[in-house]
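Peer 1: Provided herewith is a single structure, encoded as structure tokens, for subsequent inquiry.
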Amino acid sequence: MKTIVCLLMIGLFIGAGTVLAEEKSEQPAPKRMKPALLVIDVQNQYLPMMAEKDRQHAIEYINYAIWLFRQHGFPVIRVHHTDPKYGPAPGSQGFAFPKEINTTDDDPQIVKNYGDAFKKTDLDTLLKEKGCNGVFCCGLSAVGCALATYHGAKNHDYSTFMIKDALLSHNDVYTDYVEQICDTVGFAALQVMLDNAEH
């Protein structure tokens, strides 16, 4: 009798294990990230307001991020700020990115009037058209528009990251705080994430 009970118990465990294995195999694979790079507000009007000693350093890192995204075939999106009353006016020298920033006219451009680049713009539509579900932010200001756009992306359900050393603000201590409180990646991690992202 004990032998029969033992065999029945073993059979139940094997059956349950098979069902669990089948259920596990039927679950869809996790969705891989397809990212875009947002280069935010690195405009001639605003760069002089940023901490001088960090400017060249941040521009080098922004350009490296642009290069990495291009190497992997992912979108680089230019984000420009203007205020309807105070400017800088689109097309003006103050509105433009400096030549040191390696974006091109072929990179999509978003023009915004608010800190958050998602607010009353086509950014969400553009990202969806490109099939992107992840956003990496660089540019300025770390405590202003870059931070507002970071939270805007999260509110739109994108996987969202700041890029370490590719951010600027008027105070480098504040920039460090932003990098600490946000999901921030350095370039080694960024390289790995792009290598494993969906094309």
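Just remember, in the structure tokens the first chain shown is A, the second B, etc., residues are 1-based per chain, and ligands are 1-based in the order shown.
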Could you pull out the residues in segment 8-158 of chain A that DSSP calls helix (DSSP H, G or I) from the backbone, as a ChimeraX atom specification?
Peer 2: /A:8-26,47-49,52-72,123-129,145-155
Peer 1: Rounded to one decimal place, report the atom CA of Ser159 of chain A-atom CA of Met33 of chain A distance in Å.
Peer 2: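 These atoms are spaced 7.7 Å apart.
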Peer 1: Excluding Tyr61 of chain A and any residue of its chain fewer than 4 positions from it, enumerate the residues within 10 Å of it, using only C-alpha atoms, and give them as a list in words.
Peer 2: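 Near Tyr61 of chain A, the qualifying residues are Gln56, His57, Ala65, Ile66, Trp67, Cys138, Gly139, Ile163, Lys164, Asp165, Ala166, Leu167 and Phe187 of chain A.
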Peer 1: In Å, rounded to a single decimal, give me how far atom CA of Tyr86 of chain A is from atom CA of Leu126 of chain A.
Peer 2: 26.7 Å
Peer 1: Enter the distance from atom CA of Gln93 of chain A to atom CA of Val143 of chain A, in Å, rounded to one decimal.
Peer 2: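 Taking atom CA of Gln93 of chain A as the start and atom CA of Val143 of chain A as the end point, the length is 23.9 Å.
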Peer 1: Which of these residues is nearest to Ala189 of chain A, using only C-alpha atoms: A:Val111, A:Ala96, A:Leu68, A:Ala146?
Peer 2: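 Ranking A:Val111, A:Ala96, A:Leu68, A:Ala146 by distance to Ala189 of chain A, first place goes to A:Leu68.
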Peer 1: Residues of segment 70-168 of chain A in strand (DSSP E or B) according to DSSP, as a PyMOL selection string?
Peer 2: chain A and resi 76-81+83+87+109-112+134-140+159-168
Peer 1: Quick one: write out the picked residues with C-alpha atoms as a JSON list (two decimals), in the first residue's frame?
Peer 2:
[["chain", "number", "residue", "atom", "x", "y", "z"],
["A", 76, "VAL", "CA", 19.79, 60.46, -32.82],
["A", 77, "ILE", "CA", 17.12, 63.11, -32.18],
["A", 78, "ARG", "CA", 17.91, 66.81, -31.82],
["A", 79, "VAL", "CA", 15.80, 68.64, -29.23],
["A", 80, "HIS", "CA", 15.76, 72.46, -29.41],
["A", 81, "HIS", "CA", 14.11, 74.84, -26.96],
["A", 83, "ASP", "CA", 10.13, 80.41, -25.90],
["A", 87, "GLY", "CA", 13.35, 82.99, -28.09],
["A", 109, "GLN", "CA", 14.45, 67.63, -34.82],
["A", 110, "ILE", "CA", 11.94, 68.39, -32.08],
["A", 111, "VAL", "CA", 11.24, 72.04, -31.20],
["A", 112, "LYS", "CA", 9.74, 72.52, -27.75],
["A", 134, "GLY", "CA", 13.93, 53.22, -24.84],
["A", 135, "VAL", "CA", 15.34, 56.73, -24.44],
["A", 136, "PHE", "CA", 18.81, 57.94, -23.46],
["A", 137, "CYS", "CA", 19.12, 61.60, -22.50],
["A", 138, "CYS", "CA", 22.14, 63.86, -22.79],
["A", 139, "GLY", "CA", 22.62, 67.62, -22.99],
["A", 140, "LEU", "CA", 21.34, 70.42, -20.80],
["A", 159, "SER", "CA", 12.87, 52.67, -20.55],
["A", 160, "THR", "CA", 14.78, 55.84, -19.72],
["A", 161, "PHE", "CA", 18.38, 56.62, -18.80],
["A", 162, "MET", "CA", 20.67, 59.60, -18.36],
["A", 163, "ILE", "CA", 24.18, 59.31, -19.83],
["A", 164, "LYS", "CA", 26.90, 59.98, -17.27],
["A", 165, "ASP", "CA", 29.30, 62.81, -18.13],
["A", 166, "ALA", "CA", 27.14, 63.85, -21.11],
["A", 167, "LEU", "CA", 25.02, 66.23, -19.01],
["A", 168, "LEU", "CA", 25.54, 69.89, -18.14]]
Peer 1: At a cut-off of 6 Å, using only C-alpha atoms, what residues contact segment 43-53 of chain A? Leave out same-chain residues fewer than 4 positions from it and give the result as a list of chain:residue names.
Peer 2: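 So the residues in contact are A:Gly94, A:Phe95, A:Ala96, A:Phe97, A:Pro98, A:Ser169, A:His170, A:Asn171.
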Peer 1: With C-alpha atoms kept, could you save the residues just selected as a CSV table (one decimal), in the first residue's frame?
Peer 2:
chain,number,residue,atom,x,y,z
A,94,GLY,CA,21.3,81.3,-30.7
A,95,PHE,CA,18.8,78.5,-31.6
A,96,ALA,CA,21.4,76.4,-33.4
A,97,PHE,CA,23.7,73.7,-31.9
A,98,PRO,CA,27.3,74.7,-32.1
A,169,SER,CA,24.1,72.4,-15.8
A,170,HIS,CA,25.0,75.8,-14.4
A,171,ASN,CA,26.5,74.0,-11.3
Peer 1: My list of candidates is A:Val173, A:Val178, A:Ile101, A:Ala89. Which is closest to Val39 of chain A when distances are computed with only C-alpha atoms?
Peer 2: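 Going through A:Val173, A:Val178, A:Ile101, A:Ala89 one by one, the smallest distance to Val39 of chain A is for A:Ile101.
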Peer 1: Please provide as a list in words all residues within 10 Å of Asp124 of chain A, with the sequence filter that same-chain residues fewer than 4 positions apart are discarded (counting only C-alpha atoms).
Peer 2: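 What passes the distance filter is Ala117, Phe118, Lys119, Lys120, Lys128, Glu129, Cys132, Asn133, Gly152, Ala153, His156 and Tyr158 of chain A.
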Peer 1: Go ahead and save the residues from that selection, with C-alpha atoms, as a short mmCIF file (atom, residue, chain, number, x, y, z; two decimals), in the first residue's frame.
Peer 2:
data_model
loop_
_atom_site.label_atom_id
_atom_site.label_comp_id
_atom_site.auth_asym_id
_atom_site.auth_seq_id
_atom_site.Cartn_x
_atom_site.Cartn_y
_atom_site.Cartn_z
CA ALA A 117 10.35 67.55 -24.74
CA PHE A 118 7.24 65.34 -24.77
CA LYS A 119 4.87 68.17 -23.82
CA LYS A 120 2.91 69.44 -26.85
CA LYS A 128 6.77 55.18 -31.87
CA GLU A 129 7.13 55.54 -35.66
CA CYS A 132 11.70 52.85 -30.13
CA ASN A 133 10.84 51.84 -26.58
CA GLY A 152 8.45 62.82 -19.41
CA ALA A 153 9.89 59.73 -21.09
CA HIS A 156 5.26 57.75 -21.46
CA TYR A 158 9.87 54.36 -22.11
#
